[in-house]
Structure formats: structure tokens, C-alpha cells
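Chemist: Structure below; questions to follow.
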Amino acid sequence: MIKACIFDLDGVIVFTDRYHYLGWKKLADEEGWKFDESLNHQLRGVSRMQSLQIILDHNSLDVSDDQKAEFADRKNRYYQELLDDISNDDLYPGAVEFVQRVRDRGIATALGSSSKNADRVLTALSIKDLFDAVVTGHDLTRTKPDPQIFQLCNEGLGNLPVTECVVFEDAESGIAAALAAGMHAVGVGDADQLPNADQVIKEYSEINLDQLLANGRVR
Ligand code: B16
Ligand code: MG
């Protein structure tokens with residue numbers, strides 16, 4: 001029986017993954033770097049500095065730590081400017097309703113996001129109370145695919161058996177982190193971009209909740 005559902009934020013609860021992309025794109029355009037949607041996919045779930053490193057490596061660039069900090073700060077500024085206008089229209093359709101349905105069944109919920117801006121997003125959309133535990137980029141010493149993030153979520157829920165936890169993730173690195181933690185891993189998005197997920201959904205309406213709670217399978 002499943003006792004906890006753990007959700008990633010960007011790309012799972014809210015479409016802020018689009019704003020991360022636009023922030024990096026603006027920086028890349030200003031600097032004349034190559035950057036596209038396919039490279040962006042590799043940044044999902046990955047920390048800000050690691051994301052920058054992936055973009056720099058893709059462009060064969062070697063820069064000082066000070067310069068890296070300036071690039072990362074600039075991208076974060078652009079991202080936060082986009083967050084200023086965030087609204088319920090940015091919510092993944094059916095996500096909030098699904099989390100609420102899970103809670104109504106007495107199942108614990110947690111949010112695990114690599115983002116240091118996660119709290120800001122949760123507060124802006126008034127959805128923080130949907131989660132019994134919240135772990136963000138500020139709490140982590142290791143990022144996905146390391147399982148630390150989901151282990152900390154589980155700690156916040158009172159350390160349930162890992163096989164009774166399901167993680168919802170849009171990032172390959174996040175699915176890998178969930179599996180490394182020994183949890184079930186449901187991909188959210190395109191199945192061909194999440195080959196390591198146990199199962200993938202595109203819409204929350206695809207989930208058979210009774211089935212999920214019985215054995216961790218969405219259908
Ligand atoms: P920040 P998630 C991740 O959030 C994003 O997927 C990833 O693209 C981003 O680089 C990372 O957060 C760090 O975000 O720059 O705001 O600290 O998907 O784990 O909710
Ligand atoms: Mg994500």
C-alpha cells in the first residue's frame with residue numbers, strides 16, 4: 001500500500017520549467033551561446049550551477065568562478081522577473097486537484113524541488129499547505145540524480161518504508177533519484193524523454209488513484 005506521494009515542482013505542479021528555459025535562453029542569446037530545447041531538457045531537475053556548467057560545456061567555454069557566478073545570478077534575475085507575473089494559469093492542469101485527492105485519502109504528500117526559488121513559487125500560488133513536507137534547493141548538499149532530496153522528503157514525513165512512496169518527476173535526473181531512493185517513479189511528460197521511469201503520464205486524469213494506492217502503478 002502506498003502511504004506517501006512526493007512531487008517535484010517545476011514541470012510537475014507548475015510550468016515554471018518554461019520560465020527556467022526562457023531565463024537561460026535570454027542569457028545565452030546575450031552571450032551568443034548555442035542553446036535550444038533539447039539542451040534545456042538536460043537541465044531539468046539539475047541545480048543552477050550545474051545547469052550553467054552543462055551550457056558552458058556544450059559551448060566549449062572555460063570561464064572563471066566569478067564569471068560563472070555572474071552568469072548564474074543574471075539567469076536567476078531573469079527567472080525571478082518571470083516569476084513576478086506567475087499565476088494559476090501556470091499550474092499544470094489537474095495537478096493541484098490530484099494532490100488534494102491524494103490528501104483526502106489520508107496519504108501524506110511532500111514536495112521535493114532542486115530549486116532555490118521553490119518557496120517563492122509555492123507562496124505566490126498559495127499551494128504550500130498542500131504538502132506535509134517541503135524540501136528545496138536550500139536543503140540539499142547533493143542534487144538529483146542523488147536520492148538525498150527524496151530521502152529528506154521522506155524524513156519530513158516520518159520515514160515511511162521507501163517502497164510505500166511514489167515520486168512524480170519530469171526530469172530524467174529526478175526519476176533516477178527516486179529509483180536510487182528505492183521509491184516508485186512516475187514520469188510526468190513525454191514517455192520518450194523519460195525512458196527510466198516506471199510509468200509515464202501526460203495528464204493527471206490518466207491516473208487510477210485506487211490502483212496507485214494499491215501498488216504504486218498509475219494504470
Ligand atoms: P533555481 P525542480 C529545478 O527544479 C529545475 O527543474 C531546474 O531546471 C533548475 O535549474 C533547478 O530547479 C534549480 O533552480 O535556479 O531556481 O535554484 O524541477 O527540481 O522543481
Ligand atoms: Mg522538474
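The chains in the C-alpha cells are called A, B, ... from first to last as shown; in each chain the residues are counted from 1, and the ligands are counted from 1 in the order shown.
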How would you write, as a ChimeraX atom specification, the set of residues no farther than 10 Å from ligand 2 when counting only C-alpha atoms and all ligand atoms?
Modeler: /A:7-17,41,43-46,112-115,168-175,188
Chemist: Could those residues be written to a file, using N, CA, C and O atoms, as an mmCIF file, in the first residue's frame?
Modeler:
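Dumped everything to again28.cif:
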```cif
data_model
loop_
_atom_site.group_PDB
_atom_site.id
_atom_site.type_symbol
_atom_site.label_atom_id
_atom_site.label_comp_id
_atom_site.auth_asym_id
_atom_site.auth_seq_id
_atom_site.Cartn_x
_atom_site.Cartn_y
_atom_site.Cartn_z
ATOM 1 N N PHE A 7 6.128 15.031 -4.809
ATOM 2 C CA PHE A 7 6.049 15.730 -6.089
ATOM 3 C C PHE A 7 7.247 16.651 -6.285
ATOM 4 O O PHE A 7 7.619 17.400 -5.372
ATOM 5 N N ASP A 8 7.799 16.616 -7.485
ATOM 6 C CA ASP A 8 8.723 17.644 -7.935
ATOM 7 C C ASP A 8 7.875 18.901 -8.180
ATOM 8 O O ASP A 8 6.641 18.819 -8.195
ATOM 9 N N LEU A 9 8.507 20.052 -8.353
ATOM 10 C CA LEU A 9 7.720 21.285 -8.571
ATOM 11 C C LEU A 9 7.725 21.699 -10.052
ATOM 12 O O LEU A 9 6.700 21.598 -10.739
ATOM 13 N N ASP A 10 8.898 22.144 -10.533
ATOM 14 C CA ASP A 10 8.993 22.665 -11.901
ATOM 15 C C ASP A 10 8.699 21.555 -12.904
ATOM 16 O O ASP A 10 9.409 20.550 -12.960
ATOM 17 N N GLY A 11 7.639 21.724 -13.684
ATOM 18 C CA GLY A 11 7.319 20.731 -14.712
ATOM 19 C C GLY A 11 6.401 19.617 -14.232
ATOM 20 O O GLY A 11 6.035 18.741 -15.012
ATOM 21 N N VAL A 12 6.018 19.665 -12.945
ATOM 22 C CA VAL A 12 5.142 18.616 -12.385
ATOM 23 C C VAL A 12 3.898 19.238 -11.736
ATOM 24 O O VAL A 12 2.779 18.770 -11.939
ATOM 25 N N ILE A 13 4.109 20.309 -10.989
ATOM 26 C CA ILE A 13 2.992 21.025 -10.365
ATOM 27 C C ILE A 13 2.731 22.329 -11.125
ATOM 28 O O ILE A 13 1.606 22.790 -11.266
ATOM 29 N N VAL A 14 3.815 22.924 -11.618
ATOM 30 C CA VAL A 14 3.689 24.233 -12.268
ATOM 31 C C VAL A 14 4.653 24.288 -13.462
ATOM 32 O O VAL A 14 5.709 23.648 -13.438
ATOM 33 N N PHE A 15 4.259 25.023 -14.494
ATOM 34 C CA PHE A 15 5.068 25.076 -15.721
ATOM 35 C C PHE A 15 6.221 26.080 -15.627
ATOM 36 O O PHE A 15 6.544 26.752 -16.611
ATOM 37 N N THR A 16 6.823 26.185 -14.460
ATOM 38 C CA THR A 16 7.981 27.067 -14.309
ATOM 39 C C THR A 16 9.180 26.548 -15.094
ATOM 40 O O THR A 16 10.147 27.286 -15.294
ATOM 41 N N ASP A 17 9.135 25.275 -15.542
ATOM 42 C CA ASP A 17 10.228 24.770 -16.382
ATOM 43 C C ASP A 17 10.367 25.645 -17.618
ATOM 44 O O ASP A 17 11.461 25.884 -18.098
ATOM 45 N N HIS A 41 16.383 20.315 -21.948
ATOM 46 C CA HIS A 41 15.825 19.127 -21.302
ATOM 47 C C HIS A 41 16.835 18.519 -20.320
ATOM 48 O O HIS A 41 16.454 17.978 -19.289
ATOM 49 N N LEU A 43 18.699 20.082 -18.440
ATOM 50 C CA LEU A 43 18.819 20.924 -17.241
ATOM 51 C C LEU A 43 17.702 20.666 -16.232
ATOM 52 O O LEU A 43 17.757 21.154 -15.110
ATOM 53 N N ARG A 44 16.691 19.909 -16.649
ATOM 54 C CA ARG A 44 15.561 19.641 -15.745
ATOM 55 C C ARG A 44 16.050 18.952 -14.471
ATOM 56 O O ARG A 44 16.768 17.958 -14.550
ATOM 57 N N GLY A 45 15.661 19.507 -13.329
ATOM 58 C CA GLY A 45 15.997 18.885 -12.054
ATOM 59 C C GLY A 45 17.425 19.119 -11.601
ATOM 60 O O GLY A 45 17.803 18.746 -10.492
ATOM 61 N N VAL A 46 18.228 19.740 -12.457
ATOM 62 C CA VAL A 46 19.651 19.942 -12.168
ATOM 63 C C VAL A 46 19.834 21.333 -11.532
ATOM 64 O O VAL A 46 19.137 22.273 -11.902
ATOM 65 N N GLY A 112 9.469 18.003 -3.381
ATOM 66 C CA GLY A 112 10.934 17.968 -3.436
ATOM 67 C C GLY A 112 11.405 18.654 -4.698
ATOM 68 O O GLY A 112 11.263 18.113 -5.788
ATOM 69 N N SER A 113 11.934 19.871 -4.548
ATOM 70 C CA SER A 113 12.386 20.642 -5.712
ATOM 71 C C SER A 113 13.844 21.041 -5.556
ATOM 72 O O SER A 113 14.254 21.487 -4.487
ATOM 73 N N SER A 114 14.606 20.919 -6.628
ATOM 74 C CA SER A 114 16.009 21.355 -6.611
ATOM 75 C C SER A 114 16.125 22.869 -6.591
ATOM 76 O O SER A 114 17.215 23.410 -6.421
ATOM 77 N N SER A 115 15.004 23.541 -6.799
ATOM 78 C CA SER A 115 15.060 24.994 -6.978
ATOM 79 C C SER A 115 15.159 25.752 -5.666
ATOM 80 O O SER A 115 14.450 25.463 -4.709
ATOM 81 N N PHE A 168 6.681 11.749 -8.283
ATOM 82 C CA PHE A 168 6.257 12.267 -9.589
ATOM 83 C C PHE A 168 7.309 13.259 -10.062
ATOM 84 O O PHE A 168 7.609 14.221 -9.365
ATOM 85 N N GLU A 169 7.858 13.021 -11.243
ATOM 86 C CA GLU A 169 9.016 13.780 -11.734
ATOM 87 C C GLU A 169 8.953 14.015 -13.241
ATOM 88 O O GLU A 169 8.508 13.147 -13.985
ATOM 89 N N ASP A 170 9.456 15.179 -13.684
ATOM 90 C CA ASP A 170 9.531 15.444 -15.131
ATOM 91 C C ASP A 170 10.968 15.337 -15.649
ATOM 92 O O ASP A 170 11.200 15.538 -16.838
ATOM 93 N N ALA A 171 11.920 15.057 -14.750
ATOM 94 C CA ALA A 171 13.335 15.059 -15.141
ATOM 95 C C ALA A 171 13.905 13.649 -15.075
ATOM 96 O O ALA A 171 13.622 12.900 -14.134
ATOM 97 N N GLU A 172 14.734 13.324 -16.051
ATOM 98 C CA GLU A 172 15.401 12.021 -16.026
ATOM 99 C C GLU A 172 16.244 11.905 -14.756
ATOM 100 O O GLU A 172 16.269 10.856 -14.103
ATOM 101 N N SER A 173 16.899 13.019 -14.384
ATOM 102 C CA SER A 173 17.726 13.005 -13.171
ATOM 103 C C SER A 173 16.861 12.793 -11.927
ATOM 104 O O SER A 173 17.284 12.153 -10.963
ATOM 105 N N GLY A 174 15.633 13.302 -11.958
ATOM 106 C CA GLY A 174 14.716 13.147 -10.823
ATOM 107 C C GLY A 174 14.188 11.730 -10.721
ATOM 108 O O GLY A 174 14.039 11.187 -9.621
ATOM 109 N N ILE A 175 13.892 11.124 -11.870
ATOM 110 C CA ILE A 175 13.453 9.720 -11.878
ATOM 111 C C ILE A 175 14.590 8.853 -11.330
ATOM 112 O O ILE A 175 14.367 7.972 -10.489
ATOM 113 N N VAL A 188 6.311 12.510 -15.511
ATOM 114 C CA VAL A 188 5.265 13.433 -15.949
ATOM 115 C C VAL A 188 5.798 14.125 -17.198
ATOM 116 O O VAL A 188 6.806 14.838 -17.131
#
```
Chemist: Could you pull the residues within 12 Å of Gln53 of chain A, counting only C-alpha atoms, minus those fewer than 4 positions along the same chain, as a list of chain:residue names?
Modeler: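 Non-adjacent residues within range: A:Trp24, A:Leu39, A:Gln42, A:Leu43, A:Val46, A:Ser47, A:Arg48, A:Met49, A:Asp57, A:His58, A:Asn59, A:Ser60, A:Leu61, A:Asp62, A:Val63, A:Ser64, A:Asp65, A:Gln67, A:Lys68, A:Ala69, A:Phe71, A:Ala72.
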Chemist: Extract the full set of strand (DSSP E or B) residues from segment 36-127 of chain A according to DSSP on the backbone, and format it as a list in words.
Modeler: Leu91, Ala108, Thr109, Ala110, Leu111 and Gly112 of chain A
Chemist: May I ask which of the residues A:Val121, A:Ala181, A:Leu212, A:Leu83 is the closest one to Ile149 of chain A, counting only C-alpha atoms?
Modeler: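 Of A:Val121, A:Ala181, A:Leu212, A:Leu83, the one nearest Ile149 of chain A, counting only C-alpha atoms, is A:Ala181.
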Chemist: Return the single residue from A:Thr136, A:Ser38, A:Thr123, A:Thr109 that is closest to ligand 1, with distances computed using only C-alpha atoms and all ligand atoms.
Modeler: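 The shortest atom-to-atom distance to ligand 1 comes from A:Thr136.
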Chemist: Taking 3 positions as the minimum chain separation for residues in the same chain, which residues sit within 7 Å of Arg219 of chain A when counting only C-alpha atoms? Answer as a CSV table (one decimal) with all heavy atoms, in the first residue's frame.
Modeler:
```csv
chain,number,residue,atom,x,y,z
A,207,ILE,N,-4.5,9.0,-14.2
A,207,ILE,CA,-4.1,8.1,-13.0
A,207,ILE,C,-5.3,7.5,-12.4
A,207,ILE,O,-6.3,8.2,-12.1
A,207,ILE,CB,-3.4,9.0,-11.9
A,207,ILE,CG1,-2.1,9.6,-12.5
A,207,ILE,CG2,-3.1,8.2,-10.7
A,207,ILE,CD1,-1.5,10.6,-11.6
A,208,ASN,N,-5.3,6.2,-12.2
A,208,ASN,CA,-6.3,5.5,-11.5
A,208,ASN,C,-5.8,5.5,-10.0
A,208,ASN,O,-4.9,4.7,-9.6
A,208,ASN,CB,-6.4,4.0,-12.0
A,208,ASN,CG,-7.4,3.2,-11.3
A,208,ASN,OD1,-7.6,3.4,-10.1
A,208,ASN,ND2,-7.9,2.2,-11.9
A,211,GLN,N,-5.7,2.2,-7.9
A,211,GLN,CA,-4.6,1.4,-8.4
A,211,GLN,C,-3.3,1.9,-7.8
A,211,GLN,O,-2.5,1.1,-7.3
A,211,GLN,CB,-4.6,1.4,-9.9
A,211,GLN,CG,-3.4,0.8,-10.6
A,211,GLN,CD,-3.7,-0.7,-10.8
A,211,GLN,OE1,-4.8,-1.1,-11.1
A,211,GLN,NE2,-2.7,-1.5,-10.7
```
Chemist: So that I can check the surroundings of Gln100 of chain A, please list as a VMD selection string every protein, DNA and RNA residue that reaches within 12 Å of it, counting only C-alpha atoms and ignoring chain neighbours fewer than 5 positions away.
Modeler: chain A and resid 5 94 to 95 105 to 110 127 to 132 209
Chemist: Would you save the residues from that selection as a CSV table (one decimal), in the first residue's frame, using N, CA and C atoms?
Modeler:
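File produced: part_30.csv:
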```csv
chain,number,residue,atom,x,y,z
A,5,CYS,N,2.9,10.4,-1.4
A,5,CYS,CA,3.2,10.8,-2.8
A,5,CYS,C,4.1,12.1,-2.7
A,94,GLY,N,-4.8,20.0,-13.6
A,94,GLY,CA,-5.2,18.9,-12.8
A,94,GLY,C,-4.2,18.5,-11.6
A,95,ALA,N,-3.1,19.2,-11.5
A,95,ALA,CA,-2.1,18.8,-10.5
A,95,ALA,C,-2.5,19.1,-9.1
A,105,ARG,N,-7.5,11.1,0.7
A,105,ARG,CA,-7.5,9.7,1.0
A,105,ARG,C,-6.6,9.3,2.2
A,106,GLY,N,-6.1,10.4,2.9
A,106,GLY,CA,-5.2,10.2,4.0
A,106,GLY,C,-3.8,9.9,3.7
A,107,ILE,N,-3.4,10.1,2.5
A,107,ILE,CA,-2.0,9.8,2.1
A,107,ILE,C,-1.1,11.1,2.3
A,108,ALA,N,0.1,10.9,2.8
A,108,ALA,CA,1.0,12.0,3.1
A,108,ALA,C,1.5,12.6,1.7
A,109,THR,N,1.8,13.9,1.7
A,109,THR,CA,2.3,14.5,0.5
A,109,THR,C,3.5,15.3,0.8
A,110,ALA,N,4.5,15.3,-0.1
A,110,ALA,CA,5.7,16.1,0.1
A,110,ALA,C,6.1,16.7,-1.3
A,127,ILE,N,0.0,27.4,-2.5
A,127,ILE,CA,-0.1,26.0,-2.6
A,127,ILE,C,0.8,25.3,-1.6
A,128,LYS,N,1.4,26.0,-0.7
A,128,LYS,CA,2.4,25.4,0.2
A,128,LYS,C,1.7,24.4,1.2
A,129,ASP,N,0.5,24.8,1.6
A,129,ASP,CA,-0.3,24.0,2.5
A,129,ASP,C,-0.7,22.6,2.0
A,130,LEU,N,-0.5,22.4,0.7
A,130,LEU,CA,-0.9,21.1,0.1
A,130,LEU,C,0.1,20.0,0.5
A,131,PHE,N,1.3,20.4,1.0
A,131,PHE,CA,2.3,19.5,1.3
A,131,PHE,C,2.7,19.4,2.8
A,132,ASP,N,2.8,18.1,3.2
A,132,ASP,CA,3.1,17.9,4.6
A,132,ASP,C,4.6,18.2,4.9
A,209,LEU,N,-6.4,6.3,-9.2
A,209,LEU,CA,-5.9,6.5,-7.8
A,209,LEU,C,-6.0,5.3,-7.0
```
Chemist: So which residues touch Leu160 of chain A within 10 Å, counting only C-alpha atoms, skipping near sequence neighbours fewer than 3 positions away, as a list in words?
Modeler: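 Residues meeting the cut-off are Ile2, Lys3, Ala4, Ala108, Gln151, Asn154, Glu155, Gly156, Leu157, Thr163, Glu164 and Cys165 of chain A.
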Chemist: Using only C-alpha atoms and all ligand atoms, pick whichever of A:Gln50, A:Asn117, A:Ser87, A:Asn159 has the shortest atom-to-atom distance to ligand 1.
Modeler: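 Of A:Gln50, A:Asn117, A:Ser87, A:Asn159, the one nearest ligand 1 is A:Asn117, counting only C-alpha atoms and all ligand atoms.
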